[in-house]
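K.L.:
Quick one: the structure is below, questions incoming.
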Amino acid sequence: MLPALIGLTAAAAASAAGYQCMSPTGQWYGRTVTGGIRGSKRIALTYDDGPNDPHTLKLLDVLAKHNVRATFFMIGRFVRQRPEIARAVAQAGHVIGNHTFTHPQLIFESEAQTRIQLADCHEVLQDAIGEHSSLFRPPFGGRRPATIGIARALGLQTVMWNVTGYDWNAPLAAVIEKKVTGQMRGGDVILLHDGGYRALGADRAQTVIATDNLIRRYKDQGWEFGTVEMLAAS
């Protein structure tokens with residue numbers, strides 16, 4: 001009986017540890033930003049996997065129309081290919097964060113490779129836009145204790161999310177909106193995508209439409225949109 005109980009305990013611990021590696025709100029492996037004060041009428045829109053032509057630029061038009069600032073987590077290799085889009089995002093007043101250089105699953109990367117991924121992305125962003133934020137989001141949300149430790153050693157703050165539009169497979173805007181509104185509780189960091197990690201040119205037209213509709217909906221209800229830094233400070 002005892003060996004069986006030990007086995008079950010070990011399996012449960014392994015399952016919990018695996019969950020924490022990928023859970024957006026899990027805090028076992030180090031503190032991450034997942035939102036602001038619960039119930040507040042503040043929202044941070046975040047976009048992963050850019051810069052991406054033309055949808056990042058179309059998204060900038062929507063954000064400008066509503067006078068909303070957002071946070072973009074960019075992939076270094078795409079910034080290297082399209083630095084002018086990264087500059088347009090920065091010049092529009094949005095915050096840009098580190099999303100690694102090639103978007104690997106960091107759970108399976110060595111500490112040395114993780115450090116290279118973060119440092120290379122930082123260097124490319126520095127070349128494209130100069131000084132930028134100290135925010136970092138791990139690809140797929142995957143991290144282990146060493147991941148957050150390395151980010152911290154490099155002066156980076158790890159940012160996750162607590163609401164997602166599940167838009168990486170480009171569903172219709174109405175589907176994205178329903179996913180987001182069903183999770184909103186206030187003080188939320190919302191995960192959306194302006195690009196795709198496999199290659200430039202991912203179709204994010206529906207995310208652009210959903211963003212327009214979500215901003216209009218929540219502004220009409222008196223909600224405030226801002227950057228992750230603004231939300232974390234509240």
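In the structure tokens, chains take letters A, B, ... by order of appearance, with residues numbered from 1 within each chain and ligands from 1 in the order shown.
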Mind checking DSSP for segment 21-227 of chain A and telling me the alpha helix (DSSP H) residues as a PyMOL selection string?
P.N.:
chain A and resi 21-22+55-66+76-81+83-91+111-129+145-153+173-183+205-220
K.L.:
Counting only C-alpha atoms, what is within 7 Å of Arg204 of chain A, bar same-chain residues fewer than 3 positions away, as a PyMOL selection string?
P.N.:
chain A and resi 55+170+194-195+207-208
K.L.:
Do you know which residues are at most 7 Å from Asp167 of chain A counting only C-alpha atoms, after dropping those on the same chain fewer than 4 positions away, and could you put them as JSON, numbers by chain?
P.N.:
{"A": [171, 176, 192, 193, 207]}
K.L.:
Go ahead and save the residues from that selection, with C-alpha atoms, as a short mmCIF file (atom, residue, chain, number, x, y, z; two decimals), in the first residue's frame.
P.N.:
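See selection_10.cif below for the written result:
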data_model
loop_
_atom_site.label_atom_id
_atom_site.label_comp_id
_atom_site.auth_asym_id
_atom_site.auth_seq_id
_atom_site.Cartn_x
_atom_site.Cartn_y
_atom_site.Cartn_z
CA PRO A 171 -11.16 32.35 -35.51
CA ILE A 176 -12.51 36.04 -30.04
CA LEU A 192 -4.09 38.49 -28.23
CA HIS A 193 -1.83 38.10 -31.26
CA THR A 207 -8.04 40.03 -34.12
#
K.L.:
For Phe78 of chain A, find every residue with an atom within 9 Å (counting only C-alpha atoms), except residues of its own chain fewer than 5 positions away, and show them as a list of chain:residue names.
P.N.:
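Selected residues are A:Asp49, A:Gly50, A:Pro51, A:Asn52, A:Pro83, A:Phe101, A:Thr102, A:Tyr197, A:Ala199, A:Leu200.
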K.L.:
Any chance you could export the current selection's N, CA and C atoms as a CSV table (one decimal), in the first residue's frame?
P.N.:
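Everything below was put into selection.csv:
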chain,number,residue,atom,x,y,z
A,49,ASP,N,3.9,38.0,-30.8
A,49,ASP,CA,4.4,37.4,-32.1
A,49,ASP,C,4.6,38.3,-33.2
A,50,GLY,N,4.5,39.6,-33.0
A,50,GLY,CA,4.8,40.6,-34.1
A,50,GLY,C,6.3,40.9,-34.0
A,51,PRO,N,6.7,41.9,-34.8
A,51,PRO,CA,5.9,42.7,-35.8
A,51,PRO,C,5.4,41.8,-37.0
A,52,ASN,N,4.3,42.2,-37.5
A,52,ASN,CA,3.7,41.4,-38.6
A,52,ASN,C,3.0,42.3,-39.6
A,83,PRO,N,12.1,46.1,-38.9
A,83,PRO,CA,12.4,47.0,-37.8
A,83,PRO,C,11.5,48.3,-37.9
A,101,PHE,N,14.0,35.5,-29.2
A,101,PHE,CA,14.5,35.7,-30.6
A,101,PHE,C,13.8,34.8,-31.6
A,102,THR,N,13.5,33.6,-31.3
A,102,THR,CA,12.9,32.7,-32.3
A,102,THR,C,11.6,32.0,-31.8
A,197,TYR,N,4.1,33.0,-34.8
A,197,TYR,CA,5.5,32.7,-34.5
A,197,TYR,C,6.2,31.9,-35.6
A,199,ALA,N,6.0,32.3,-39.0
A,199,ALA,CA,6.5,33.2,-40.1
A,199,ALA,C,5.8,34.5,-40.2
A,200,LEU,N,6.4,35.5,-40.8
A,200,LEU,CA,5.7,36.7,-41.1
A,200,LEU,C,4.5,36.5,-42.0
K.L.:
Could you go through segment 101-211 of chain A and tell me which residues DSSP, when run on the backbone, assigns to strand (DSSP E or B), listing them as an MDAnalysis selection string?
P.N.:
chainID A and resid 135:136 157:159 163:164 188:193
K.L.:
With distances taken over only C-alpha atoms, which of A:Met74, A:Val89, A:Ala44, A:Met22 is nearest to Ile107 of chain A?
P.N.:
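Counting only C-alpha atoms, the residue closest to Ile107 of chain A is A:Met22.
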K.L.:
Expressed in Å to a single decimal, how great is the separation between atom CA of Arg87 of chain A and atom CA of Tyr47 of chain A?
P.N.:
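If I compute the distance from atom CA of Arg87 of chain A to atom CA of Tyr47 of chain A, I get 15.5 Å.
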K.L.:
Quick one: residues within 9 Å of segment 134-143 of chain A, only C-alpha atoms, excluding same-chain residues fewer than 4 positions away - as an MDAnalysis selection string?
P.N.:
chainID A and resid 20:24 29 48:49 73 95:100 103:108 118 147:148 151 154:161 197 228:229
K.L.:
My list of candidates is A:Ile150, A:Ala210, A:Val189, A:Ile116. Which is closest to Thr164 of chain A when distances are computed with only C-alpha atoms?
P.N.:
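Among the listed residues, the smallest separation from Thr164 of chain A belongs to A:Val189.
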